[in-house]
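Before any comments, here is the structure.
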There are 2 protein chains.
Amino acid sequence: MDKLYIIKIGGNVLDNEEALGTFLSDFASIQEPKILIHGGGKIATKIGDQLGIVSKYHEGRRITDAATRDLVTMVYSGLINKQITARLQNLNCNAIGVTGTDGNLIRAVKRPIGKIDYGFVGDIAPEDVNAAFLNFLLQQNTVPVFAPLTHAQGEILNTNADTITAVMGTALSKYFEVRLIFCFEKEGVLKDVNDPKSVIRNLNSELYQKLLDEGSFHEGILPKLENAFSAIRSGVKEVLIGEHSHLIANIGRETKGTLITA
Amino acid sequence: MDKLYIIKIGGNVLDNEEALGTFLSDFASIQEPKILIHGGGKIATKIGDQLGIVSKYHEGRRITDAATRDLVTMVYSGLINKQITARLQNLNCNAIGVTGTDGNLIRAVKRPIGKIDYGFVGDIAPEDVNAAFLNFLLQQNTVPVFAPLTHAQGEILNTNADTITAVMGTALSKYFEVRLIFCFEKEGVLKDVNDPKSVIRNLNSELYQKLLDEGSFHEGILPKLENAFSAIRSGVKEVLIGEHSHLIANIGRETKGTLITA
């Protein structure tokens, strides 16, 4: 099986022109099949402020009303996705910018209204991914660049980019030996959130459970770890979490960061 | 050779919810391979007004400064493209929303600065179209939905949607028997712009030249006709110009509108 890298970047890369330039250059140099997944960083919030769209949150989770959904559709799949795609093309990387709507790549279920109505948010599972078409795009040597939007019943839905990364990795593990890379602002998963040097270099299910039981993880990292182990349990070979400048330029070689395996 | 329809819609369809719904439903019903090309209608101007981006024009042609380029990237390839794609998916039409940047579908040349600097505008020719990849997408039974943006040197460029339609048609005529359909607000090309009933039903090169010499055409229609005949001269089989509700539901059958042939 060929290797496939699925790389997710967040605001710390997108919001910093120098970091983004370095990242895109490193990313374009990866020889293996690859997929990039990006969010929107602070740009969506900034444009939303100009348009008078106020983001609402419930317990830290964004509520996607219709205006916010249209905003993130414009910014994620329009502005940011096409800027990244054009820059990658210029680096001889044949990027194709897509969302879950395009080619029916990810169909979702609109989150049911419970105590809270999260609005236009899509929940997804690996069987919602059109893995055959993604594989076809990869076989054509194109590089999917994915904005975190899905669809259901003719509506675009906002979906967490980490979740998309994990679910897409699982769906593609029937075609590839998949390694997910979650780039974020820290060097890896920290044992002590106040000590940036306390990177856990290797994390397997057993150690994860032990540290969970001990309450060792900072709660900010928990959704990422849940996504990572969910992918590992369902076919993904490895997950790497850390800071992009260490991970992408050294891909396939010795790297810093936290390596997650079964 | 299989037939391929390349259909361009403008503001009169995009800006009218009822017209757009009818159009998308008719479009989804077309059995042959097909491509949709759309602009942004008044939506870009409206959002630009909210963001304080003032469109500048020179002799009726928009000057695309950096802010305007980012605006149309957001609105054309984000908001409108993904809304259309999601709605087509819901009509069982496997749409894939793209721009010229995606999969390097249309590389452009940034328009040289002459007396006027038109800004981030891309000029294109048939050899700039990645016809092989478009053909691959069509062979996968996906339906490209194209926002009129191209790219050069890592920059997104604004390109006239009628021109893209004509150039893409020419490029794809090595794979398909191509029919272009330009939908606009009139029933066809009018002999007398003040008489909506004066539709020229059949227009060939000879009659075109005669009417040109007589100065019979309203100047608003001239760029469309130039695009149409340029495509016809370089491989496109037929061009149909008219009002979408007459043309799309009756595709391949007797239609109103102006039929342009060699």
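Every chain in the structure tokens has a letter given in the order shown (A, B, ...), and although residue numbers restart at 1 in each chain, ligands are simply numbered from 1 in the order shown.
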Go ahead and align chain A to chain B (same sequence, so just pair every C-alpha in order, least squares) and export the moved chain as a compact mmCIF listing (two decimals) with C-alpha atoms, in the first residue's frame.
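Resulting contents of superposed10.txt:
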```txt
# COMPACT_ATOMS: atom_id res chain seq x y z
CA MET A 1 -18.26 11.86 -30.29
CA ASP A 2 -20.47 12.45 -27.28
CA LYS A 3 -22.33 15.70 -26.89
CA LEU A 4 -21.19 18.12 -24.20
CA TYR A 5 -23.23 21.11 -23.05
CA ILE A 6 -21.40 24.08 -21.55
CA ILE A 7 -23.94 26.43 -20.05
CA LYS A 8 -23.26 29.93 -18.81
CA ILE A 9 -25.69 31.76 -16.53
CA GLY A 10 -25.61 35.39 -15.54
CA GLY A 11 -27.11 37.70 -12.97
CA ASN A 12 -30.68 37.39 -14.24
CA VAL A 13 -30.69 33.77 -13.09
CA LEU A 14 -28.44 34.09 -10.01
CA ASP A 15 -30.21 37.09 -8.54
CA ASN A 16 -33.70 35.60 -8.75
CA GLU A 17 -34.38 32.71 -6.40
CA GLU A 18 -37.29 31.37 -8.44
CA ALA A 19 -35.34 31.54 -11.70
CA LEU A 20 -32.32 29.87 -10.11
CA GLY A 21 -34.43 27.05 -8.70
CA THR A 22 -36.03 26.38 -12.08
CA PHE A 23 -32.70 26.58 -13.83
CA LEU A 24 -30.94 24.17 -11.45
CA SER A 25 -33.76 21.68 -11.71
CA ASP A 26 -33.71 21.86 -15.53
CA PHE A 27 -29.91 21.70 -15.57
CA ALA A 28 -29.81 18.64 -13.29
CA SER A 29 -32.18 16.85 -15.69
CA ILE A 30 -29.83 17.09 -18.67
CA GLN A 31 -28.68 13.56 -19.41
CA GLU A 32 -25.57 14.39 -21.44
CA PRO A 33 -22.19 15.46 -19.99
CA LYS A 34 -22.42 19.09 -18.92
CA ILE A 35 -20.53 21.99 -17.39
CA LEU A 36 -22.02 25.05 -15.69
CA ILE A 37 -20.27 28.43 -15.64
CA HIS A 38 -21.60 31.18 -13.40
CA GLY A 39 -20.64 34.69 -12.41
CA GLY A 40 -21.67 36.44 -9.24
CA GLY A 41 -24.55 38.70 -10.16
CA LYS A 42 -25.37 41.48 -7.79
CA ILE A 43 -24.32 39.50 -4.72
CA ALA A 44 -20.65 40.46 -5.04
CA THR A 45 -21.57 44.13 -5.35
CA LYS A 46 -23.88 43.92 -2.33
CA ILE A 47 -21.29 42.25 -0.11
CA GLY A 48 -18.64 44.61 -1.45
CA ASP A 49 -20.81 47.55 -0.41
CA GLN A 50 -21.03 46.11 3.11
CA LEU A 51 -17.25 45.69 3.20
CA GLY A 52 -16.67 49.19 1.83
CA ILE A 53 -15.13 47.87 -1.40
CA VAL A 54 -16.06 50.21 -4.21
CA SER A 55 -15.92 48.75 -7.71
CA LYS A 56 -14.15 50.94 -10.20
CA TYR A 57 -14.86 50.78 -13.90
CA HIS A 58 -13.17 51.99 -17.06
CA GLU A 59 -15.47 52.24 -20.09
CA GLY A 60 -17.83 49.71 -18.55
CA ARG A 61 -15.13 47.21 -17.63
CA ARG A 62 -14.49 46.47 -14.00
CA ILE A 63 -11.04 47.23 -12.62
CA THR A 64 -10.07 44.40 -10.30
CA ASP A 65 -7.91 45.80 -7.53
CA ALA A 66 -6.67 43.47 -4.76
CA ALA A 67 -9.69 44.06 -2.53
CA THR A 68 -12.11 43.44 -5.42
CA ARG A 69 -10.22 40.30 -6.40
CA ASP A 70 -10.51 38.94 -2.86
CA LEU A 71 -14.20 39.89 -2.84
CA VAL A 72 -15.03 38.05 -6.06
CA THR A 73 -12.93 35.08 -4.94
CA MET A 74 -15.03 34.84 -1.77
CA VAL A 75 -18.36 35.39 -3.43
CA TYR A 76 -17.93 33.58 -6.77
CA SER A 77 -15.88 30.54 -5.73
CA GLY A 78 -17.08 30.42 -2.11
CA LEU A 79 -20.63 31.49 -1.48
CA ILE A 80 -22.28 31.12 -4.90
CA ASN A 81 -20.27 28.18 -6.21
CA LYS A 82 -20.82 26.05 -3.11
CA GLN A 83 -24.50 26.97 -2.78
CA ILE A 84 -25.09 25.90 -6.38
CA THR A 85 -23.02 22.75 -5.93
CA ALA A 86 -24.91 21.74 -2.76
CA ARG A 87 -28.27 22.34 -4.44
CA LEU A 88 -27.27 20.31 -7.49
CA GLN A 89 -26.09 17.47 -5.24
CA ASN A 90 -29.53 17.49 -3.70
CA LEU A 91 -30.99 17.12 -7.21
CA ASN A 92 -28.83 14.00 -7.75
CA CYS A 93 -26.44 15.90 -9.99
CA ASN A 94 -22.86 15.11 -8.94
CA ALA A 95 -21.55 18.68 -9.16
CA ILE A 96 -17.96 19.61 -8.37
CA GLY A 97 -17.33 23.31 -7.83
CA VAL A 98 -14.07 24.54 -9.33
CA THR A 99 -12.12 27.55 -10.56
CA GLY A 100 -9.28 27.73 -13.04
CA THR A 101 -6.88 27.30 -10.15
CA ASP A 102 -8.19 23.88 -9.14
CA GLY A 103 -6.36 21.06 -10.86
CA ASN A 104 -4.70 23.81 -12.92
CA LEU A 105 -7.89 23.90 -15.01
CA ILE A 106 -7.21 27.32 -16.52
CA ARG A 107 -3.87 29.03 -16.31
CA ALA A 108 -4.00 32.68 -17.41
CA VAL A 109 -1.75 35.58 -18.29
CA LYS A 110 -2.23 38.62 -16.09
CA ARG A 111 -3.36 41.38 -18.40
CA PRO A 112 -0.39 43.64 -19.16
CA ILE A 113 -0.66 47.20 -17.90
CA GLY A 114 -1.33 49.50 -20.83
CA LYS A 115 -2.97 52.91 -20.62
CA ILE A 116 -5.22 51.32 -18.03
CA ASP A 117 -4.22 48.84 -15.31
CA TYR A 118 -7.18 46.48 -15.12
CA GLY A 119 -5.58 44.87 -12.07
CA PHE A 120 -5.96 41.19 -11.27
CA VAL A 121 -7.51 40.18 -14.57
CA GLY A 122 -6.50 37.05 -16.45
CA ASP A 123 -6.48 36.68 -20.22
CA ILE A 124 -6.79 33.15 -21.56
CA ALA A 125 -6.56 31.07 -24.73
CA PRO A 126 -7.75 27.50 -25.44
CA GLU A 127 -4.26 26.06 -24.83
CA ASP A 128 -4.42 27.38 -21.24
CA VAL A 129 -7.25 24.96 -20.44
CA ASN A 130 -6.39 21.61 -18.84
CA ALA A 131 -8.84 19.82 -21.12
CA ALA A 132 -7.49 16.38 -20.18
CA PHE A 133 -8.37 16.86 -16.52
CA LEU A 134 -11.79 18.34 -17.34
CA ASN A 135 -12.41 15.32 -19.55
CA PHE A 136 -11.35 13.06 -16.69
CA LEU A 137 -13.86 14.74 -14.36
CA LEU A 138 -16.60 14.35 -16.98
CA GLN A 139 -15.70 10.67 -17.48
CA GLN A 140 -16.25 10.19 -13.73
CA ASN A 141 -19.80 11.51 -14.26
CA THR A 142 -19.09 14.59 -12.21
CA VAL A 143 -20.45 17.94 -13.36
CA PRO A 144 -17.95 20.79 -13.16
CA VAL A 145 -19.49 24.01 -11.83
CA PHE A 146 -17.10 26.75 -12.72
CA ALA A 147 -16.57 30.11 -10.98
CA PRO A 148 -14.88 32.54 -13.41
CA LEU A 149 -11.46 32.78 -11.81
CA THR A 150 -8.12 31.74 -13.26
CA HIS A 151 -4.56 31.91 -11.96
CA ALA A 152 -1.01 32.92 -12.77
CA GLN A 153 2.15 33.04 -10.64
CA GLY A 154 0.31 32.09 -7.48
CA GLU A 155 -2.33 34.79 -7.88
CA ILE A 156 -6.03 34.36 -8.48
CA LEU A 157 -7.23 36.38 -11.45
CA ASN A 158 -10.70 37.52 -12.49
CA THR A 159 -11.69 36.38 -15.98
CA ASN A 160 -14.81 37.10 -18.03
CA ALA A 161 -17.26 34.19 -17.74
CA ASP A 162 -18.37 34.40 -21.41
CA THR A 163 -14.74 34.18 -22.48
CA ILE A 164 -14.15 31.17 -20.24
CA THR A 165 -17.20 29.48 -21.76
CA ALA A 166 -15.95 29.99 -25.31
CA VAL A 167 -12.35 29.06 -24.59
CA MET A 168 -13.29 25.96 -22.58
CA GLY A 169 -15.65 24.88 -25.36
CA THR A 170 -12.87 25.16 -27.90
CA ALA A 171 -10.45 23.22 -25.71
CA LEU A 172 -12.96 20.42 -25.12
CA SER A 173 -13.98 20.08 -28.76
CA LYS A 174 -11.21 17.52 -29.22
CA TYR A 175 -13.10 15.19 -26.87
CA PHE A 176 -16.74 16.17 -27.44
CA GLU A 177 -19.23 17.61 -29.88
CA VAL A 178 -19.62 20.84 -27.91
CA ARG A 179 -22.68 23.03 -27.72
CA LEU A 180 -22.36 26.27 -25.76
CA ILE A 181 -25.44 27.87 -24.25
CA PHE A 182 -25.28 31.48 -23.14
CA CYS A 183 -28.28 32.25 -20.94
CA PHE A 184 -29.16 35.90 -20.60
CA GLU A 185 -32.20 38.08 -19.99
CA LYS A 186 -33.40 38.26 -23.60
CA GLU A 187 -35.02 35.57 -25.73
CA GLY A 188 -32.12 35.64 -28.15
CA VAL A 189 -29.99 37.95 -30.26
CA LEU A 190 -32.31 40.71 -31.39
CA LYS A 191 -32.25 42.35 -34.76
CA ASP A 192 -33.84 45.40 -33.16
CA VAL A 193 -32.89 45.86 -29.51
CA ASN A 194 -36.17 47.69 -28.89
CA ASP A 195 -38.26 44.82 -30.23
CA PRO A 196 -38.02 41.73 -27.99
CA LYS A 197 -39.78 39.71 -30.67
CA SER A 198 -37.10 40.39 -33.29
CA VAL A 199 -35.07 37.30 -32.34
CA ILE A 200 -32.67 36.13 -35.03
CA ARG A 201 -33.38 32.39 -34.96
CA ASN A 202 -30.38 31.27 -37.01
CA LEU A 203 -27.12 33.13 -37.28
CA ASN A 204 -24.17 31.90 -39.30
CA SER A 205 -20.86 33.57 -40.09
CA GLU A 206 -22.13 35.03 -43.35
CA LEU A 207 -25.24 36.62 -41.82
CA TYR A 208 -23.19 37.76 -38.80
CA GLN A 209 -20.74 39.58 -41.06
CA LYS A 210 -23.56 41.15 -43.04
CA LEU A 211 -25.37 42.39 -39.92
CA LEU A 212 -22.07 43.59 -38.47
CA ASP A 213 -21.38 45.57 -41.62
CA GLU A 214 -24.87 47.06 -41.45
CA GLY A 215 -24.31 47.99 -37.79
CA SER A 216 -27.45 46.07 -36.84
CA PHE A 217 -26.34 44.71 -33.46
CA HIS A 218 -26.69 46.52 -30.16
CA GLU A 219 -23.20 46.96 -28.75
CA GLY A 220 -24.09 45.08 -25.55
CA ILE A 221 -24.36 41.83 -27.47
CA LEU A 222 -21.14 42.20 -29.45
CA PRO A 223 -18.69 40.64 -26.92
CA LYS A 224 -21.00 37.62 -26.57
CA LEU A 225 -21.19 37.23 -30.36
CA GLU A 226 -17.43 37.59 -30.71
CA ASN A 227 -16.93 34.86 -28.11
CA ALA A 228 -19.52 32.68 -29.82
CA PHE A 229 -18.04 32.96 -33.31
CA SER A 230 -14.51 32.61 -32.01
CA ALA A 231 -15.57 29.27 -30.49
CA ILE A 232 -17.42 28.22 -33.66
CA ARG A 233 -14.33 28.98 -35.77
CA SER A 234 -12.17 26.78 -33.52
CA GLY A 235 -14.10 23.57 -33.11
CA VAL A 236 -17.32 24.24 -31.19
CA LYS A 237 -20.31 22.77 -33.03
CA GLU A 238 -23.11 25.16 -32.04
CA VAL A 239 -23.82 28.09 -29.77
CA LEU A 240 -27.27 28.86 -28.44
CA ILE A 241 -28.08 32.28 -26.95
CA GLY A 242 -31.29 33.09 -25.13
CA GLU A 243 -33.42 32.91 -22.02
CA HIS A 244 -32.74 29.94 -19.75
CA SER A 245 -36.31 28.81 -19.17
CA HIS A 246 -36.76 28.26 -22.91
CA LEU A 247 -33.36 26.72 -23.55
CA ILE A 248 -32.53 24.34 -20.73
CA ALA A 249 -35.80 22.47 -20.21
CA ASN A 250 -35.99 21.87 -23.99
CA ILE A 251 -32.36 21.06 -24.49
CA GLY A 252 -31.68 18.95 -27.57
CA ARG A 253 -35.21 19.63 -28.83
CA GLU A 254 -36.82 22.54 -30.65
CA THR A 255 -35.95 25.68 -28.75
CA LYS A 256 -36.41 29.39 -28.88
CA GLY A 257 -33.29 31.51 -28.83
CA THR A 258 -30.61 32.20 -31.41
CA LEU A 259 -28.75 29.22 -32.81
CA ILE A 260 -25.27 30.08 -34.03
CA THR A 261 -23.48 27.78 -36.45
CA ALA A 262 -20.54 28.07 -38.81
```
inquiry  = Give me, as an NGL selection string, the residues of segment 120-247 of chain B that a backbone DSSP run labels strand (DSSP E or B).
reply    = :B and (121-123 or 129 or 143-146 or 149-152 or 155-158 or 176-183 or 190 or 199 or 202-203 or 238-242)
For those residues, write C-alpha atoms to a file as an mmCIF file, in the first residue's frame.
```
data_model
loop_
_atom_site.group_PDB
_atom_site.id
_atom_site.type_symbol
_atom_site.label_atom_id
_atom_site.label_comp_id
_atom_site.auth_asym_id
_atom_site.auth_seq_id
_atom_site.Cartn_x
_atom_site.Cartn_y
_atom_site.Cartn_z
ATOM 1 C CA VAL B 121 -7.518 40.169 -14.547
ATOM 2 C CA GLY B 122 -6.501 37.042 -16.434
ATOM 3 C CA ASP B 123 -6.499 36.676 -20.206
ATOM 4 C CA VAL B 129 -7.250 24.954 -20.419
ATOM 5 C CA VAL B 143 -20.442 17.927 -13.352
ATOM 6 C CA PRO B 144 -17.946 20.792 -13.145
ATOM 7 C CA VAL B 145 -19.489 23.999 -11.816
ATOM 8 C CA PHE B 146 -17.087 26.747 -12.702
ATOM 9 C CA LEU B 149 -11.451 32.754 -11.799
ATOM 10 C CA THR B 150 -8.118 31.719 -13.249
ATOM 11 C CA HIS B 151 -4.558 31.896 -11.953
ATOM 12 C CA ALA B 152 -0.996 32.910 -12.771
ATOM 13 C CA GLU B 155 -2.328 34.791 -7.863
ATOM 14 C CA ILE B 156 -6.028 34.355 -8.473
ATOM 15 C CA LEU B 157 -7.241 36.384 -11.436
ATOM 16 C CA ASN B 158 -10.713 37.515 -12.468
ATOM 17 C CA PHE B 176 -16.734 16.170 -27.443
ATOM 18 C CA GLU B 177 -19.226 17.616 -29.869
ATOM 19 C CA VAL B 178 -19.611 20.837 -27.895
ATOM 20 C CA ARG B 179 -22.694 23.020 -27.718
ATOM 21 C CA LEU B 180 -22.359 26.273 -25.753
ATOM 22 C CA ILE B 181 -25.435 27.865 -24.239
ATOM 23 C CA PHE B 182 -25.274 31.486 -23.131
ATOM 24 C CA CYS B 183 -28.288 32.268 -20.947
ATOM 25 C CA LEU B 190 -32.306 40.728 -31.399
ATOM 26 C CA VAL B 199 -35.077 37.298 -32.341
ATOM 27 C CA ASN B 202 -30.391 31.258 -37.020
ATOM 28 C CA LEU B 203 -27.136 33.109 -37.307
ATOM 29 C CA GLU B 238 -23.112 25.172 -32.040
ATOM 30 C CA VAL B 239 -23.824 28.107 -29.768
ATOM 31 C CA LEU B 240 -27.266 28.881 -28.432
ATOM 32 C CA ILE B 241 -28.062 32.283 -26.940
ATOM 33 C CA GLY B 242 -31.283 33.094 -25.131
#
```
request  = Once DSSP has gone over the backbone, tell me which residues of segment 97-227 of chain B are in alpha helix (DSSP H), as a VMD selection string.
outcome  = chain B and resid 131 to 139 161 to 172 205 to 213 222 to 227
